[in-house]
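Notes follow once the structure below has been shown.
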Amino acid sequence: MAQEVWPARPVRVVVPFLAGGGGDAVGRAISQALSERTGRAFVVDNRPGGASALGTELVARAAPDGYTMVIVGPNHSTNPHLMPRLPFDPLRDFSPIALLTSAPYVLVADPSLPLRGFQDFIALARARPGALSYGSAGNGTAGHLAMEMIKLATGIDVVHVPYRGSPPVLVDVMAGRLAVGFDNVLSSSPGIRAGQMRALAVSGAERSALLPDVGTIAEQGLPGFAVTVWQAALFPAGVDPAITARASAEMAAVLATPELRARLAAIGVAPTPSTPAALTDFIAADMVRWGEVVRRAGVRLD
């Protein structure tokens, strides 16, 4: 039976992000753990481009035999609303395996500004409408859309400055050229600890283990607010459900090991394993949420 023999040969794990980033780190950590557990190679293949659409399309068109999977993130939910000609359907063209991990963003500020927390930022933005700028890793990224969600909830007017990636956002916050920026906790932590940036809030439902003294946006005035950078694994549509169930169980098993949990904690992410059905529901709900933000905020890709 397929459930008994999978994996019988190496599995290709397409990571549609640049090597060295957060999504790549998660994909490599889990692939290594699966290789060690199953005795079969899980080989990472980085295919960045098109806000992750290039590599994801490659997997959508792959043979549905259980030997090609993709590690997707928030772009999988936002791209349908930002790319009218997206060459695949995020739900119909894939067999979900499992949700893997999640991590919050952190709202960081120029330390020369009189800001100590999220409410200080909102108050300053209201006092100086249109005068403050915020940076994100690019149009349509989770950091961009998270701030647009905050703008819709609070009525503040701050100017978006899109960058090509996170590092230049942090550089310009530290240099005082940006008031605030949204970035992942891992890459922001060194600058925060060095006093080059001030952490105002984290975006998840809970505080980050890397920044335990920094409150969430929800506890600082926006109840229910939760935005995370998540990663999930998908097969192409049509994979034998027995293989999908086996793959999901293997991922849950490695995500429960102390070794992998420690490795993920070191890069600021938490394991969040799920069943295939729960992942389908999660992506569908995420698509609805971001579709509403994109529509109301009038977000467009350059």
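Ligands are numbered from 1 in the order shown, chains are lettered A, B, ... in the order of the structure tokens, and residues start at 1 in each chain.
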
(request) Write out as JSON, numbers by chain which residues come within 8 Å of region 276-281 of chain A when counting only C-alpha atoms, dropping same-chain ones fewer than 6 positions away. (result) {"A": [91, 95, 96, 97, 98, 99, 232, 244, 245, 248]}

(message) When DSSP is applied to the backbone of this structure, which of region 3-113 of chain A are assigned alpha helix (DSSP H)? Write them out as a count of residues only.
(response) 36

(request) Could you jot down the CA of Ala249 (chain A) to CA of Asp286 (chain A) separation for me, Å, one decimal place? (result) 23.3 Å

(request) Measuring atom to atom with only C-alpha atoms, identify which of A:Ser136, A:Ser52, A:Gln220, A:Ser35 is nearest to Tyr105 (chain A). (result) A:Ser136

(message) Quick one: residues within 12 Å of Asp45 (chain A), only C-alpha atoms, excluding same-chain residues fewer than 5 positions away - as a list in words?
(response) Val11, Arg12, Val13, Val14, Val15, Pro16, Phe17, Leu18, Ala19, Asp24, Gly27, Arg28, Ser31, Gly55, Thr56, Leu58, Val59, Thr68, Met69, Val70 and Ile71 of chain A

Save the residues we just selected, N, CA and C atoms, as an mmCIF file, in the first residue's frame?
```cif
data_model
loop_
_atom_site.group_PDB
_atom_site.id
_atom_site.type_symbol
_atom_site.label_atom_id
_atom_site.label_comp_id
_atom_site.auth_asym_id
_atom_site.auth_seq_id
_atom_site.Cartn_x
_atom_site.Cartn_y
_atom_site.Cartn_z
ATOM 1 N N VAL A 11 12.493 12.814 -2.078
ATOM 2 C CA VAL A 11 11.387 13.758 -2.251
ATOM 3 C C VAL A 11 11.967 15.137 -2.530
ATOM 4 N N ARG A 12 11.456 15.773 -3.563
ATOM 5 C CA ARG A 12 11.887 17.130 -3.918
ATOM 6 C C ARG A 12 11.032 18.128 -3.151
ATOM 7 N N VAL A 13 11.692 19.013 -2.403
ATOM 8 C CA VAL A 13 10.995 20.026 -1.611
ATOM 9 C C VAL A 13 11.284 21.397 -2.229
ATOM 10 N N VAL A 14 10.333 21.915 -2.974
ATOM 11 C CA VAL A 14 10.509 23.215 -3.621
ATOM 12 C C VAL A 14 10.252 24.316 -2.598
ATOM 13 N N VAL A 15 11.235 25.176 -2.436
ATOM 14 C CA VAL A 15 11.118 26.344 -1.563
ATOM 15 C C VAL A 15 11.119 27.571 -2.465
ATOM 16 N N PRO A 16 9.968 28.236 -2.629
ATOM 17 C CA PRO A 16 9.875 29.329 -3.602
ATOM 18 C C PRO A 16 10.381 30.664 -3.071
ATOM 19 N N PHE A 17 11.426 30.610 -2.247
ATOM 20 C CA PHE A 17 12.021 31.801 -1.645
ATOM 21 C C PHE A 17 13.535 31.737 -1.824
ATOM 22 N N LEU A 18 14.178 32.870 -1.662
ATOM 23 C CA LEU A 18 15.625 32.924 -1.739
ATOM 24 C C LEU A 18 16.270 32.107 -0.630
ATOM 25 N N ALA A 19 17.411 31.511 -0.930
ATOM 26 C CA ALA A 19 18.173 30.808 0.091
ATOM 27 C C ALA A 19 18.604 31.795 1.167
ATOM 28 N N ASP A 24 13.141 29.681 3.754
ATOM 29 C CA ASP A 24 14.173 28.717 3.387
ATOM 30 C C ASP A 24 14.688 27.992 4.625
ATOM 31 N N GLY A 27 12.130 25.433 5.652
ATOM 32 C CA GLY A 27 12.104 24.321 4.707
ATOM 33 C C GLY A 27 13.291 23.393 4.884
ATOM 34 N N ARG A 28 14.457 23.962 5.096
ATOM 35 C CA ARG A 28 15.668 23.139 5.256
ATOM 36 C C ARG A 28 15.670 22.379 6.582
ATOM 37 N N SER A 31 13.115 19.565 6.218
ATOM 38 C CA SER A 31 13.587 18.571 5.254
ATOM 39 C C SER A 31 14.671 17.693 5.869
ATOM 40 N N GLY A 55 7.906 29.192 -8.139
ATOM 41 C CA GLY A 55 8.137 27.849 -7.610
ATOM 42 C C GLY A 55 6.853 27.118 -7.288
ATOM 43 N N THR A 56 5.854 27.851 -6.833
ATOM 44 C CA THR A 56 4.584 27.225 -6.493
ATOM 45 C C THR A 56 3.891 26.685 -7.740
ATOM 46 N N LEU A 58 5.393 25.612 -10.393
ATOM 47 C CA LEU A 58 6.154 24.432 -10.783
ATOM 48 C C LEU A 58 5.591 23.181 -10.101
ATOM 49 N N VAL A 59 5.268 23.300 -8.825
ATOM 50 C CA VAL A 59 4.729 22.160 -8.089
ATOM 51 C C VAL A 59 3.292 21.873 -8.497
ATOM 52 N N THR A 68 7.033 15.407 -5.044
ATOM 53 C CA THR A 68 7.315 16.833 -5.182
ATOM 54 C C THR A 68 6.358 17.590 -4.274
ATOM 55 N N MET A 69 6.902 18.408 -3.394
ATOM 56 C CA MET A 69 6.066 19.228 -2.522
ATOM 57 C C MET A 69 6.606 20.653 -2.521
ATOM 58 N N VAL A 70 5.806 21.576 -2.033
ATOM 59 C CA VAL A 70 6.216 22.973 -1.951
ATOM 60 C C VAL A 70 5.963 23.484 -0.544
ATOM 61 N N ILE A 71 6.860 24.341 -0.073
ATOM 62 C CA ILE A 71 6.685 25.027 1.208
ATOM 63 C C ILE A 71 6.177 26.437 0.897
#
```
